[in-house]
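Peer 1: Mind having a look at this structure? Questions to follow.
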Amino acid sequence: MAAAEPARPRRASSRADGDGDGEGQDRERSRRTAPRRRSGKAGAAAAMRAAAQQLAELLGRLPDSVSSLKPTEDGWEAQVEVVELERIPDTTSVMASYRVALDEDGELISYERTRRYTRGMIDRPT
C-alpha cells in the first residue's frame, strides 16, 4: 500500500486580491495559464515554447535553442536550432536551423530547414 503524499502548504492570500472572494485567485490562475495576449495572439514566451515543442514532435529531435522570434500578420515566425548529428567533440556536431511558422493560436503551420552547420562554426560578416 502506497503512503499518502503530505499536503502542500497553501499560499496566504491577501485581501487586496479581490477581498478574499476568490476573484484575485481566479485572476492569478488565468495569468499563469493563459498563453494569449489581449490581442488574441499567443504571447512571445508561449510562441517560443510552442515552436520548439511542435518541431521536436515532427523531427523526433529536441531543439537546442530558439535563436529568433518575430510576430507576423498571421502569428509568429521562429528560427529553431536543432542538433542533427551528435559528434565528439561537441564543436563538430552538425546543427540545423529551421524556420517555423505559427498561427495566432501558436499552432505550427509550416517549417523549413534553412541552414546546416557545425556547432563550432562562427558566422562571418558578409
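Identifiers in the C-alpha cells: chain A, B, ... in order shown; residue index from 1 per chain; ligand index from 1 in order shown.
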Hey, what's within 9 Å of Asp64 in chain A if we count only C-alpha atoms and toss same-chain stuff fewer than 6 positions away? As a list in words, please?
Peer 2: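 Non-adjacent residues within range: Ala52, Val80, Glu81, Val82, Val83 and Met95 of chain A.
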Peer 1: Write to file, as a PDB file, in the first residue's frame, the residues of the selection just made, with N, CA and C atoms.
Peer 2:
ATOM      1  N   ALA A  52       9.261  25.238 -30.385  1.00  0.00           N
ATOM      2  CA  ALA A  52      10.242  24.210 -30.026  1.00  0.00           C
ATOM      3  C   ALA A  52       9.574  22.851 -29.813  1.00  0.00           C
ATOM      4  N   VAL A  80      14.587  27.966 -35.110  1.00  0.00           N
ATOM      5  CA  VAL A  80      14.870  26.981 -34.072  1.00  0.00           C
ATOM      6  C   VAL A  80      16.116  26.191 -34.475  1.00  0.00           C
ATOM      7  N   GLU A  81      17.066  26.090 -33.545  1.00  0.00           N
ATOM      8  CA  GLU A  81      18.317  25.369 -33.787  1.00  0.00           C
ATOM      9  C   GLU A  81      18.195  23.955 -33.226  1.00  0.00           C
ATOM     10  N   VAL A  82      18.569  22.958 -34.031  1.00  0.00           N
ATOM     11  CA  VAL A  82      18.427  21.556 -33.663  1.00  0.00           C
ATOM     12  C   VAL A  82      19.750  20.837 -33.931  1.00  0.00           C
ATOM     13  N   VAL A  83      20.149  19.931 -33.013  1.00  0.00           N
ATOM     14  CA  VAL A  83      21.319  19.081 -33.242  1.00  0.00           C
ATOM     15  C   VAL A  83      20.853  17.944 -34.147  1.00  0.00           C
ATOM     16  N   MET A  95      24.537  20.898 -36.801  1.00  0.00           N
ATOM     17  CA  MET A  95      23.351  21.629 -36.369  1.00  0.00           C
ATOM     18  C   MET A  95      22.527  22.000 -37.594  1.00  0.00           C
TER      19      MET A  95
END
